[in-house]
Amino acid sequence: MRRSSSVPGLSPRAVKTNRSNSVCAGSSGSRIRVVVRKRPLTNKELASSSADIISLRNGPEGSSLTVHEPKCKVDMTAYTELHHFSFDEVFDEASSNASVYEGSAAPLISRLFNGQSSTCFAYGATGAGKTHTMMGNESEPGLYILAARSVFIQLSNPKNAGLELRVSCYEIYGGKVFDLLHGRRCLPVREDGRRRVNVVGLKERQVDGLEAFKALLAEAAEARVTAATGAHADSSRSHAILQLSLRRP
């Protein structure tokens, strides 16, 4: 699973999402699936009486988002211009991380156990809610935790005996790659003979349970937080990638 963009922590929301967006590749019926999660108005927006100009629609004919843009004519007459966008699915501001997970990343887990690769990444402006969607909190787990939980449930199935979960996490900042689970070590990026891009020296850790996964995720998030308070306070300039791999010892 991949998360791209700002956090103090790790983060996805094209989950592609803006007011929050998520992109999930490899879902059933299509190689690419795009869902949008609308965020609620911020306290600042509420205090200034800002209007909610986004409406969502889910129905048999599909899912869509409409932006109601306030405009003025030359004679200063006010009117609203409507902009319509279609997506695979849209989630309103009251939606939970669990519902977003089920509608985006959950279908990708079975592909892992079929030996296939999938990617889920979140895209959105700073403050769009990517960190909340991907990381969540104690009361509402994010997509990372929900995905790991699904993986461990399937690993408990006897037919998957012998498989183990390996995790790696790195950050891209300023054209460089840093291993977040091994002291922010700077790693080279190379293209192999098959024209596949590889992060050379990226370390994987074997994880044997959900609590161990949470601890590892917190360690990687802390590495980003430390960097944000030092080298780059504007974390939206960096991208964090979490990789889950199934391997046999």
# chains A, B, ... in the order shown; residues from 1 in each chain; ligands from 1
>>> residues_around(residues="stretch 211-223 of chain A", least_positions_apart="6", cutoff="12 Å", atoms="only C-alpha atoms", output="mmCIF file with all heavy atoms, in the first residue's frame")
data_model
loop_
_atom_site.group_PDB
_atom_site.id
_atom_site.type_symbol
_atom_site.label_atom_id
_atom_site.label_comp_id
_atom_site.auth_asym_id
_atom_site.auth_seq_id
_atom_site.Cartn_x
_atom_site.Cartn_y
_atom_site.Cartn_z
ATOM 1 N N SER A 6 1.406 14.870 2.496
ATOM 2 C CA SER A 6 1.771 15.451 3.764
ATOM 3 C C SER A 6 1.286 14.662 4.952
ATOM 4 O O SER A 6 0.300 13.993 4.905
ATOM 5 C CB SER A 6 1.193 16.843 3.850
ATOM 6 O OG SER A 6 -0.193 16.773 3.934
ATOM 7 N N VAL A 7 1.986 14.790 6.073
ATOM 8 C CA VAL A 7 1.557 14.195 7.325
ATOM 9 C C VAL A 7 2.417 14.787 8.402
ATOM 10 O O VAL A 7 3.501 15.184 8.138
ATOM 11 C CB VAL A 7 1.851 12.694 7.357
ATOM 12 C CG1 VAL A 7 1.169 12.025 6.246
ATOM 13 C CG2 VAL A 7 3.286 12.403 7.372
ATOM 14 N N PRO A 8 2.076 14.864 9.574
ATOM 15 C CA PRO A 8 3.079 14.585 10.543
ATOM 16 C C PRO A 8 2.800 13.152 10.880
ATOM 17 O O PRO A 8 1.909 12.854 11.619
ATOM 18 C CB PRO A 8 2.770 15.530 11.681
ATOM 19 C CG PRO A 8 1.361 15.937 11.443
ATOM 20 C CD PRO A 8 0.988 15.595 10.060
ATOM 21 N N GLY A 9 3.379 12.269 10.312
ATOM 22 C CA GLY A 9 3.082 10.870 10.491
ATOM 23 C C GLY A 9 3.135 10.268 9.134
ATOM 24 O O GLY A 9 3.724 10.813 8.259
ATOM 25 N N LEU A 10 2.557 9.151 8.956
ATOM 26 C CA LEU A 10 2.455 8.603 7.632
ATOM 27 C C LEU A 10 1.108 8.944 7.100
ATOM 28 O O LEU A 10 0.206 9.159 7.819
ATOM 29 C CB LEU A 10 2.588 7.099 7.686
ATOM 30 C CG LEU A 10 3.892 6.628 8.195
ATOM 31 C CD1 LEU A 10 3.873 5.132 8.263
ATOM 32 C CD2 LEU A 10 5.006 7.065 7.301
ATOM 33 N N SER A 11 1.013 8.890 5.913
ATOM 34 C CA SER A 11 -0.294 9.003 5.412
ATOM 35 C C SER A 11 -0.464 8.286 4.133
ATOM 36 O O SER A 11 0.244 7.495 3.786
ATOM 37 C CB SER A 11 -0.580 10.403 5.160
ATOM 38 O OG SER A 11 -1.581 10.905 4.712
ATOM 39 N N THR A 131 -3.936 12.014 6.390
ATOM 40 C CA THR A 131 -3.379 11.361 7.576
ATOM 41 C C THR A 131 -4.475 10.678 8.383
ATOM 42 O O THR A 131 -4.312 9.548 8.841
ATOM 43 C CB THR A 131 -2.640 12.381 8.459
ATOM 44 O OG1 THR A 131 -1.574 12.958 7.703
ATOM 45 C CG2 THR A 131 -2.072 11.712 9.697
ATOM 46 N N MET A 134 -5.527 7.478 6.466
ATOM 47 C CA MET A 134 -4.544 6.396 6.420
ATOM 48 C C MET A 134 -4.091 5.952 7.799
ATOM 49 O O MET A 134 -3.972 4.765 8.075
ATOM 50 C CB MET A 134 -3.335 6.834 5.585
ATOM 51 C CG MET A 134 -3.696 7.116 4.147
ATOM 52 S SD MET A 134 -4.598 5.766 3.350
ATOM 53 C CE MET A 134 -3.355 4.498 3.317
ATOM 54 N N MET A 135 -3.852 6.894 8.692
ATOM 55 C CA MET A 135 -3.343 6.565 10.017
ATOM 56 C C MET A 135 -4.456 6.356 11.034
ATOM 57 O O MET A 135 -4.357 5.489 11.896
ATOM 58 C CB MET A 135 -2.412 7.671 10.515
ATOM 59 C CG MET A 135 -1.118 7.788 9.727
ATOM 60 S SD MET A 135 -0.029 6.375 9.974
ATOM 61 C CE MET A 135 0.485 6.641 11.679
ATOM 62 N N GLY A 136 -5.498 7.181 10.956
ATOM 63 C CA GLY A 136 -6.580 7.082 11.915
ATOM 64 C C GLY A 136 -6.139 7.455 13.315
ATOM 65 O O GLY A 136 -5.179 8.200 13.513
ATOM 66 N N ASN A 137 -6.823 6.907 14.317
ATOM 67 C CA ASN A 137 -6.471 7.138 15.719
ATOM 68 C C ASN A 137 -6.912 5.929 16.535
ATOM 69 O O ASN A 137 -7.353 4.926 15.971
ATOM 70 C CB ASN A 137 -7.116 8.433 16.244
ATOM 71 C CG ASN A 137 -8.607 8.498 15.952
ATOM 72 O OD1 ASN A 137 -9.346 7.547 16.214
ATOM 73 N ND2 ASN A 137 -9.067 9.621 15.404
ATOM 74 N N GLU A 138 -6.809 6.027 17.848
ATOM 75 C CA GLU A 138 -7.140 4.880 18.701
ATOM 76 C C GLU A 138 -8.591 4.444 18.547
ATOM 77 O O GLU A 138 -8.898 3.252 18.570
ATOM 78 C CB GLU A 138 -6.853 5.225 20.173
ATOM 79 C CG GLU A 138 -5.372 5.256 20.518
ATOM 80 C CD GLU A 138 -4.709 3.898 20.356
ATOM 81 O OE1 GLU A 138 -5.366 2.875 20.652
ATOM 82 O OE2 GLU A 138 -3.545 3.852 19.928
ATOM 83 N N PRO A 141 -9.394 3.312 13.592
ATOM 84 C CA PRO A 141 -8.185 2.930 12.848
ATOM 85 C C PRO A 141 -8.244 3.405 11.399
ATOM 86 O O PRO A 141 -9.321 3.493 10.798
ATOM 87 C CB PRO A 141 -8.198 1.393 12.925
ATOM 88 C CG PRO A 141 -9.075 1.074 14.088
ATOM 89 C CD PRO A 141 -10.107 2.154 14.140
ATOM 90 N N GLY A 142 -7.068 3.700 10.843
ATOM 91 C CA GLY A 142 -6.982 4.114 9.455
ATOM 92 C C GLY A 142 -6.797 2.930 8.524
ATOM 93 O O GLY A 142 -6.778 1.772 8.940
ATOM 94 N N LEU A 143 -6.615 3.231 7.237
ATOM 95 C CA LEU A 143 -6.528 2.174 6.230
ATOM 96 C C LEU A 143 -5.322 1.265 6.431
ATOM 97 O O LEU A 143 -5.381 0.080 6.127
ATOM 98 C CB LEU A 143 -6.501 2.781 4.826
ATOM 99 C CG LEU A 143 -7.877 2.951 4.158
ATOM 100 C CD1 LEU A 143 -8.748 3.941 4.930
ATOM 101 C CD2 LEU A 143 -7.730 3.400 2.706
ATOM 102 N N TYR A 144 -4.211 1.809 6.951
ATOM 103 C CA TYR A 144 -3.040 0.963 7.179
ATOM 104 C C TYR A 144 -3.377 -0.164 8.155
ATOM 105 O O TYR A 144 -3.091 -1.335 7.909
ATOM 106 C CB TYR A 144 -1.890 1.790 7.766
ATOM 107 C CG TYR A 144 -1.193 2.719 6.804
ATOM 108 C CD1 TYR A 144 -0.551 3.873 7.258
ATOM 109 C CD2 TYR A 144 -1.150 2.446 5.441
ATOM 110 C CE1 TYR A 144 0.107 4.727 6.386
ATOM 111 C CE2 TYR A 144 -0.498 3.299 4.570
ATOM 112 C CZ TYR A 144 0.129 4.438 5.042
ATOM 113 O OH TYR A 144 0.773 5.276 4.180
ATOM 114 N N ILE A 145 -3.960 0.198 9.289
ATOM 115 C CA ILE A 145 -4.284 -0.788 10.315
ATOM 116 C C ILE A 145 -5.360 -1.747 9.816
ATOM 117 O O ILE A 145 -5.276 -2.966 10.035
ATOM 118 C CB ILE A 145 -4.760 -0.096 11.608
ATOM 119 C CG1 ILE A 145 -3.663 0.825 12.139
ATOM 120 C CG2 ILE A 145 -5.162 -1.129 12.660
ATOM 121 C CD1 ILE A 145 -2.404 0.125 12.552
ATOM 122 N N LEU A 146 -6.369 -1.227 9.143
ATOM 123 C CA LEU A 146 -7.453 -2.068 8.648
ATOM 124 C C LEU A 146 -6.946 -3.071 7.617
ATOM 125 O O LEU A 146 -7.367 -4.234 7.604
ATOM 126 C CB LEU A 146 -8.562 -1.196 8.052
ATOM 127 C CG LEU A 146 -9.270 -0.271 9.048
ATOM 128 C CD1 LEU A 146 -10.200 0.695 8.316
ATOM 129 C CD2 LEU A 146 -10.053 -1.084 10.074
ATOM 130 N N ALA A 147 -6.024 -2.631 6.769
ATOM 131 C CA ALA A 147 -5.454 -3.538 5.776
ATOM 132 C C ALA A 147 -4.617 -4.621 6.449
ATOM 133 O O ALA A 147 -4.713 -5.801 6.099
ATOM 134 C CB ALA A 147 -4.607 -2.757 4.774
ATOM 135 N N ALA A 148 -3.795 -4.217 7.417
ATOM 136 C CA ALA A 148 -2.970 -5.194 8.134
ATOM 137 C C ALA A 148 -3.839 -6.212 8.863
ATOM 138 O O ALA A 148 -3.545 -7.407 8.885
ATOM 139 C CB ALA A 148 -2.041 -4.484 9.115
ATOM 140 N N ARG A 149 -4.925 -5.744 9.465
ATOM 141 C CA ARG A 149 -5.842 -6.652 10.163
ATOM 142 C C ARG A 149 -6.404 -7.694 9.195
ATOM 143 O O ARG A 149 -6.472 -8.887 9.509
ATOM 144 C CB ARG A 149 -6.968 -5.853 10.808
ATOM 145 C CG ARG A 149 -7.989 -6.692 11.561
ATOM 146 C CD ARG A 149 -9.067 -5.791 12.144
ATOM 147 N NE ARG A 149 -8.516 -4.894 13.153
ATOM 148 C CZ ARG A 149 -9.139 -3.804 13.591
ATOM 149 N NH1 ARG A 149 -10.319 -3.472 13.089
ATOM 150 N NH2 ARG A 149 -8.581 -3.070 14.542
ATOM 151 N N VAL A 151 -5.006 -8.720 6.460
ATOM 152 C CA VAL A 151 -3.914 -9.625 6.085
ATOM 153 C C VAL A 151 -3.723 -10.698 7.152
ATOM 154 O O VAL A 151 -3.608 -11.893 6.850
ATOM 155 C CB VAL A 151 -2.603 -8.840 5.873
ATOM 156 C CG1 VAL A 151 -1.412 -9.806 5.751
ATOM 157 C CG2 VAL A 151 -2.701 -7.981 4.621
ATOM 158 N N PHE A 152 -3.706 -10.298 8.421
ATOM 159 C CA PHE A 152 -3.485 -11.269 9.498
ATOM 160 C C PHE A 152 -4.651 -12.250 9.628
ATOM 161 O O PHE A 152 -4.449 -13.419 9.980
ATOM 162 C CB PHE A 152 -3.238 -10.550 10.818
ATOM 163 C CG PHE A 152 -1.882 -9.915 10.905
ATOM 164 C CD1 PHE A 152 -1.747 -8.544 11.077
ATOM 165 C CD2 PHE A 152 -0.731 -10.686 10.789
ATOM 166 C CE1 PHE A 152 -0.489 -7.963 11.143
ATOM 167 C CE2 PHE A 152 0.531 -10.109 10.846
ATOM 168 C CZ PHE A 152 0.650 -8.746 11.025
ATOM 169 N N LEU A 165 4.191 -11.879 6.894
ATOM 170 C CA LEU A 165 4.101 -10.495 6.427
ATOM 171 C C LEU A 165 5.413 -9.770 6.652
ATOM 172 O O LEU A 165 5.966 -9.785 7.756
ATOM 173 C CB LEU A 165 2.973 -9.762 7.163
ATOM 174 C CG LEU A 165 2.790 -8.276 6.822
ATOM 175 C CD1 LEU A 165 2.367 -8.107 5.365
ATOM 176 C CD2 LEU A 165 1.752 -7.629 7.745
ATOM 177 N N ARG A 166 5.920 -9.138 5.599
ATOM 178 C CA ARG A 166 7.114 -8.300 5.691
ATOM 179 C C ARG A 166 6.717 -6.867 5.372
ATOM 180 O O ARG A 166 5.922 -6.620 4.459
ATOM 181 C CB ARG A 166 8.175 -8.769 4.690
ATOM 182 C CG ARG A 166 8.631 -10.216 4.872
ATOM 183 C CD ARG A 166 9.585 -10.370 6.024
ATOM 184 N NE ARG A 166 10.107 -11.722 6.117
ATOM 185 C CZ ARG A 166 11.179 -12.163 5.477
ATOM 186 N NH1 ARG A 166 11.851 -11.331 4.676
ATOM 187 N NH2 ARG A 166 11.581 -13.410 5.635
ATOM 188 N N VAL A 167 7.289 -5.925 6.108
ATOM 189 C CA VAL A 167 6.925 -4.519 5.954
ATOM 190 C C VAL A 167 8.167 -3.664 5.761
ATOM 191 O O VAL A 167 9.192 -3.870 6.427
ATOM 192 C CB VAL A 167 6.146 -4.017 7.197
ATOM 193 C CG1 VAL A 167 5.820 -2.531 7.059
ATOM 194 C CG2 VAL A 167 4.862 -4.818 7.378
ATOM 195 N N SER A 168 8.079 -2.726 4.853
ATOM 196 C CA SER A 168 9.126 -1.711 4.690
ATOM 197 C C SER A 168 8.442 -0.362 4.531
ATOM 198 O O SER A 168 7.275 -0.286 4.143
ATOM 199 C CB SER A 168 10.008 -2.015 3.466
ATOM 200 O OG SER A 168 9.235 -2.026 2.280
ATOM 201 N N CYS A 169 9.170 0.688 4.836
ATOM 202 C CA CYS A 169 8.575 2.023 4.746
ATOM 203 C C CYS A 169 9.678 3.033 4.433
ATOM 204 O O CYS A 169 10.702 3.067 5.113
ATOM 205 C CB CYS A 169 7.874 2.384 6.059
ATOM 206 S SG CYS A 169 6.917 3.915 5.958
ATOM 207 N N TYR A 170 9.461 3.821 3.406
ATOM 208 C CA TYR A 170 10.460 4.830 3.067
ATOM 209 C C TYR A 170 9.794 6.147 2.681
ATOM 210 O O TYR A 170 8.599 6.202 2.394
ATOM 211 C CB TYR A 170 11.387 4.339 1.948
ATOM 212 C CG TYR A 170 10.718 4.011 0.630
ATOM 213 C CD1 TYR A 170 10.627 4.949 -0.386
ATOM 214 C CD2 TYR A 170 10.225 2.732 0.389
ATOM 215 C CE1 TYR A 170 10.051 4.639 -1.603
ATOM 216 C CE2 TYR A 170 9.643 2.401 -0.827
ATOM 217 C CZ TYR A 170 9.549 3.363 -1.820
ATOM 218 O OH TYR A 170 8.960 3.046 -3.020
ATOM 219 N N GLU A 171 10.582 7.181 2.714
ATOM 220 C CA GLU A 171 10.113 8.528 2.426
ATOM 221 C C GLU A 171 10.902 9.105 1.263
ATOM 222 O O GLU A 171 12.113 8.905 1.155
ATOM 223 C CB GLU A 171 10.293 9.411 3.662
ATOM 224 C CG GLU A 171 9.844 10.849 3.474
ATOM 225 C CD GLU A 171 10.075 11.686 4.722
ATOM 226 O OE1 GLU A 171 11.109 11.489 5.398
ATOM 227 O OE2 GLU A 171 9.226 12.533 5.028
ATOM 228 N N PHE A 178 14.629 7.863 1.829
ATOM 229 C CA PHE A 178 15.101 7.581 3.187
ATOM 230 C C PHE A 178 14.328 6.413 3.777
ATOM 231 O O PHE A 178 13.092 6.391 3.733
ATOM 232 C CB PHE A 178 14.923 8.818 4.075
ATOM 233 C CG PHE A 178 15.647 10.040 3.578
ATOM 234 C CD1 PHE A 178 15.016 10.941 2.731
ATOM 235 C CD2 PHE A 178 16.963 10.283 3.947
ATOM 236 C CE1 PHE A 178 15.678 12.070 2.264
ATOM 237 C CE2 PHE A 178 17.644 11.412 3.495
ATOM 238 C CZ PHE A 178 16.998 12.307 2.651
ATOM 239 N N ASP A 179 15.044 5.445 4.320
ATOM 240 C CA ASP A 179 14.437 4.275 4.956
ATOM 241 C C ASP A 179 13.957 4.680 6.350
ATOM 242 O O ASP A 179 14.767 4.929 7.255
ATOM 243 C CB ASP A 179 15.469 3.150 5.052
ATOM 244 C CG ASP A 179 14.845 1.825 5.454
ATOM 245 O OD1 ASP A 179 13.790 1.835 6.103
ATOM 246 O OD2 ASP A 179 15.428 0.776 5.121
ATOM 247 N N LEU A 180 12.660 4.730 6.549
ATOM 248 C CA LEU A 180 12.096 5.218 7.810
ATOM 249 C C LEU A 180 12.185 4.195 8.943
ATOM 250 O O LEU A 180 11.970 4.534 10.103
ATOM 251 C CB LEU A 180 10.627 5.614 7.611
ATOM 252 C CG LEU A 180 10.381 6.824 6.706
ATOM 253 C CD1 LEU A 180 8.883 7.077 6.555
ATOM 254 C CD2 LEU A 180 11.077 8.066 7.247
ATOM 255 N N LEU A 181 12.511 2.955 8.618
ATOM 256 C CA LEU A 181 12.595 1.929 9.656
ATOM 257 C C LEU A 181 14.032 1.553 9.995
ATOM 258 O O LEU A 181 14.270 0.640 10.776
ATOM 259 C CB LEU A 181 11.825 0.678 9.211
ATOM 260 C CG LEU A 181 10.320 0.872 9.013
ATOM 261 C CD1 LEU A 181 9.669 -0.411 8.521
ATOM 262 C CD2 LEU A 181 9.661 1.351 10.304
ATOM 263 N N HIS A 182 14.978 2.275 9.408
ATOM 264 C CA HIS A 182 16.388 2.000 9.689
ATOM 265 C C HIS A 182 17.174 3.309 9.752
ATOM 266 O O HIS A 182 18.080 3.561 8.940
ATOM 267 C CB HIS A 182 16.974 1.038 8.649
ATOM 268 C CG HIS A 182 16.428 -0.350 8.762
ATOM 269 N ND1 HIS A 182 15.224 -0.729 8.202
ATOM 270 C CD2 HIS A 182 16.897 -1.442 9.426
ATOM 271 C CE1 HIS A 182 14.990 -1.992 8.499
ATOM 272 N NE2 HIS A 182 15.968 -2.451 9.226
ATOM 273 N N GLY A 183 16.766 4.153 10.708
ATOM 274 C CA GLY A 183 17.532 5.369 10.978
ATOM 275 C C GLY A 183 17.542 6.407 9.881
ATOM 276 O O GLY A 183 18.495 7.179 9.776
ATOM 277 N N ARG A 184 16.500 6.416 9.052
ATOM 278 C CA ARG A 184 16.421 7.384 7.937
ATOM 279 C C ARG A 184 17.654 7.309 7.041
ATOM 280 O O ARG A 184 18.145 8.321 6.533
ATOM 281 C CB ARG A 184 16.232 8.817 8.465
ATOM 282 C CG ARG A 184 14.879 9.067 9.083
ATOM 283 C CD ARG A 184 14.654 10.542 9.377
ATOM 284 N NE ARG A 184 14.859 11.374 8.190
ATOM 285 C CZ ARG A 184 13.955 11.531 7.216
ATOM 286 N NH1 ARG A 184 12.809 10.912 7.291
ATOM 287 N NH2 ARG A 184 14.224 12.296 6.181
ATOM 288 N N ARG A 185 18.116 6.128 6.835
ATOM 289 C CA ARG A 185 19.275 5.932 5.962
ATOM 290 C C ARG A 185 18.921 6.307 4.527
ATOM 291 O O ARG A 185 17.890 5.901 4.004
ATOM 292 C CB ARG A 185 19.691 4.460 6.037
ATOM 293 C CG ARG A 185 20.911 4.122 5.223
ATOM 294 C CD ARG A 185 21.215 2.638 5.386
ATOM 295 N NE ARG A 185 22.235 2.198 4.468
ATOM 296 C CZ ARG A 185 22.498 0.928 4.194
ATOM 297 N NH1 ARG A 185 21.806 -0.016 4.801
ATOM 298 N NH2 ARG A 185 23.436 0.602 3.343
ATOM 299 N N GLU A 204 13.411 -4.853 4.982
ATOM 300 C CA GLU A 204 12.086 -5.325 5.346
ATOM 301 C C GLU A 204 12.125 -5.882 6.759
ATOM 302 O O GLU A 204 13.139 -6.416 7.188
ATOM 303 C CB GLU A 204 11.607 -6.432 4.401
ATOM 304 C CG GLU A 204 11.287 -5.979 3.001
ATOM 305 C CD GLU A 204 10.728 -7.114 2.166
ATOM 306 O OE1 GLU A 204 11.062 -8.289 2.440
ATOM 307 O OE2 GLU A 204 9.957 -6.832 1.238
ATOM 308 N N ARG A 205 10.997 -5.742 7.458
ATOM 309 C CA ARG A 205 10.876 -6.335 8.785
ATOM 310 C C ARG A 205 9.722 -7.329 8.783
ATOM 311 O O ARG A 205 8.649 -7.038 8.247
ATOM 312 C CB ARG A 205 10.634 -5.265 9.848
ATOM 313 C CG ARG A 205 11.829 -4.398 10.137
ATOM 314 C CD ARG A 205 11.649 -3.739 11.483
ATOM 315 N NE ARG A 205 12.512 -2.590 11.654
ATOM 316 C CZ ARG A 205 12.439 -1.774 12.700
ATOM 317 N NH1 ARG A 205 11.522 -1.993 13.637
ATOM 318 N NH2 ARG A 205 13.264 -0.747 12.824
ATOM 319 N N THR A 229 10.308 18.402 12.024
ATOM 320 C CA THR A 229 10.679 19.464 12.959
ATOM 321 C C THR A 229 12.104 19.950 12.722
ATOM 322 O O THR A 229 12.525 20.925 13.309
ATOM 323 C CB THR A 229 10.562 18.972 14.412
ATOM 324 O OG1 THR A 229 11.415 17.842 14.590
ATOM 325 C CG2 THR A 229 9.127 18.583 14.726
ATOM 326 N N GLY A 230 12.818 19.234 11.858
ATOM 327 C CA GLY A 230 14.191 19.624 11.588
ATOM 328 C C GLY A 230 14.384 20.089 10.163
ATOM 329 O O GLY A 230 14.250 21.263 9.834
ATOM 330 N N ALA A 231 14.661 19.140 9.282
ATOM 331 C CA ALA A 231 15.036 19.493 7.919
ATOM 332 C C ALA A 231 13.918 20.136 7.114
ATOM 333 O O ALA A 231 14.157 21.051 6.350
ATOM 334 C CB ALA A 231 15.544 18.244 7.194
ATOM 335 N N SER A 235 5.825 19.271 5.686
ATOM 336 C CA SER A 235 5.853 17.844 5.357
ATOM 337 C C SER A 235 5.138 17.517 4.062
ATOM 338 O O SER A 235 5.290 16.434 3.536
ATOM 339 C CB SER A 235 5.234 17.033 6.499
ATOM 340 O OG SER A 235 3.885 17.397 6.681
ATOM 341 N N HIS A 239 6.864 12.405 0.552
ATOM 342 C CA HIS A 239 5.930 11.315 0.268
ATOM 343 C C HIS A 239 6.407 10.074 1.008
ATOM 344 O O HIS A 239 7.584 9.718 0.949
ATOM 345 C CB HIS A 239 5.873 11.029 -1.232
ATOM 346 C CG HIS A 239 5.574 12.250 -2.061
ATOM 347 N ND1 HIS A 239 4.302 12.649 -2.379
ATOM 348 C CD2 HIS A 239 6.409 13.172 -2.603
ATOM 349 C CE1 HIS A 239 4.350 13.762 -3.088
ATOM 350 N NE2 HIS A 239 5.614 14.106 -3.241
ATOM 351 N N ALA A 240 5.502 9.432 1.718
ATOM 352 C CA ALA A 240 5.853 8.216 2.445
ATOM 353 C C ALA A 240 5.195 7.020 1.787
ATOM 354 O O ALA A 240 4.019 7.078 1.404
ATOM 355 C CB ALA A 240 5.415 8.314 3.907
ATOM 356 N N ILE A 241 5.941 5.945 1.632
ATOM 357 C CA ILE A 241 5.451 4.729 0.988
ATOM 358 C C ILE A 241 5.591 3.568 1.948
ATOM 359 O O ILE A 241 6.696 3.263 2.419
ATOM 360 C CB ILE A 241 6.207 4.425 -0.323
ATOM 361 C CG1 ILE A 241 5.904 5.489 -1.380
ATOM 362 C CG2 ILE A 241 5.814 3.051 -0.861
ATOM 363 C CD1 ILE A 241 6.762 6.704 -1.320
ATOM 364 N N LEU A 242 4.477 2.925 2.263
ATOM 365 C CA LEU A 242 4.461 1.734 3.113
ATOM 366 C C LEU A 242 4.230 0.532 2.221
ATOM 367 O O LEU A 242 3.273 0.507 1.444
ATOM 368 C CB LEU A 242 3.342 1.845 4.149
ATOM 369 C CG LEU A 242 3.161 0.642 5.078
ATOM 370 C CD1 LEU A 242 4.304 0.574 6.089
ATOM 371 C CD2 LEU A 242 1.823 0.734 5.802
ATOM 372 N N GLN A 243 5.112 -0.468 2.314
ATOM 373 C CA GLN A 243 4.988 -1.662 1.483
ATOM 374 C C GLN A 243 4.717 -2.882 2.355
ATOM 375 O O GLN A 243 5.425 -3.132 3.320
ATOM 376 C CB GLN A 243 6.283 -1.888 0.678
ATOM 377 C CG GLN A 243 6.533 -0.812 -0.353
ATOM 378 C CD GLN A 243 7.726 -1.106 -1.221
ATOM 379 O OE1 GLN A 243 7.877 -0.540 -2.305
ATOM 380 N NE2 GLN A 243 8.616 -1.962 -0.771
ATOM 381 N N LEU A 244 3.681 -3.642 1.980
ATOM 382 C CA LEU A 244 3.353 -4.902 2.633
ATOM 383 C C LEU A 244 3.635 -6.022 1.646
ATOM 384 O O LEU A 244 3.133 -5.998 0.522
ATOM 385 C CB LEU A 244 1.873 -4.929 3.044
ATOM 386 C CG LEU A 244 1.345 -3.762 3.888
ATOM 387 C CD1 LEU A 244 -0.129 -3.991 4.222
ATOM 388 C CD2 LEU A 244 2.153 -3.587 5.150
#
>>> select_by_dssp(residues="stretch 75-222 of chain A", states="alpha helix (DSSP H)", output="PyMOL selection string")
chain A and resi 97-103+106-112+130-135+143-155+210-222
>>> write_last_selection(atoms="C-alpha atoms", output="compact mmCIF listing (two decimals), in the first residue's frame")
# COMPACT_ATOMS: atom_id res chain seq x y z
CA ASN A 97 -12.48 5.07 7.82
CA ALA A 98 -13.91 1.54 7.85
CA SER A 99 -16.45 2.37 5.12
CA VAL A 100 -13.77 4.07 3.02
CA TYR A 101 -11.54 1.02 3.45
CA GLU A 102 -14.27 -1.38 2.37
CA GLY A 103 -14.96 0.74 -0.70
CA ALA A 106 -10.24 -3.98 1.00
CA PRO A 107 -10.68 -5.71 -2.40
CA LEU A 108 -6.91 -5.48 -2.96
CA ILE A 109 -5.98 -7.76 -0.04
CA SER A 110 -7.07 -10.96 -1.77
CA ARG A 111 -4.77 -10.08 -4.68
CA LEU A 112 -1.78 -10.23 -2.34
CA LYS A 130 -5.04 12.06 4.24
CA THR A 131 -3.38 11.36 7.58
CA HIS A 132 -6.71 10.73 9.28
CA THR A 133 -7.78 8.37 6.51
CA MET A 134 -4.54 6.40 6.42
CA MET A 135 -3.34 6.57 10.02
CA LEU A 143 -6.53 2.17 6.23
CA TYR A 144 -3.04 0.96 7.18
CA ILE A 145 -4.28 -0.79 10.31
CA LEU A 146 -7.45 -2.07 8.65
CA ALA A 147 -5.45 -3.54 5.78
CA ALA A 148 -2.97 -5.19 8.13
CA ARG A 149 -5.84 -6.65 10.16
CA SER A 150 -7.31 -8.17 6.98
CA VAL A 151 -3.91 -9.63 6.09
CA PHE A 152 -3.49 -11.27 9.50
CA ILE A 153 -7.00 -12.72 9.33
CA GLN A 154 -6.14 -14.38 6.04
CA LEU A 155 -2.75 -15.51 7.33
CA LEU A 210 -1.33 -6.51 14.55
CA GLU A 211 0.19 -4.97 17.69
CA ALA A 212 3.69 -5.42 16.27
CA PHE A 213 2.50 -3.79 13.05
CA LYS A 214 1.10 -0.81 14.99
CA ALA A 215 4.41 -0.38 16.81
CA LEU A 216 6.32 -0.46 13.53
CA LEU A 217 3.93 2.06 11.98
CA ALA A 218 4.41 4.38 14.95
CA GLU A 219 8.19 4.08 14.59
CA ALA A 220 8.03 5.10 10.93
CA ALA A 221 5.65 7.96 11.73
CA GLU A 222 8.01 9.22 14.43
>>> atom_distance(atom1="atom CA of A:Ser95", atom2="atom CA of A:Arg37")
8.0 Å
>>> closest_residue(among="A:Gly209, A:Pro158, A:Gly175, A:Gly124", to="A:Arg39", atoms="only C-alpha atoms")
A:Gly124
>>> atom_distance(atom1="atom CA of A:Glu93", atom2="atom CA of A:Gly127")
13.8 Å
>>> atom_distance(atom1="atom CA of A:Gln116", atom2="atom CA of A:Val90")
26.3 Å
>>> select_by_dssp(residues="stretch 72-140 of chain A", states="strand (DSSP E or B)", output="list of chain:residue names")
A:Cys72, A:Ala78, A:Tyr79, A:Thr80, A:Glu81, A:Leu82, A:His83, A:His84, A:Phe85, A:Ser86, A:Phe87, A:Glu89, A:Val90, A:Phe91, A:Cys120, A:Phe121, A:Ala122, A:Tyr123, A:Gly136
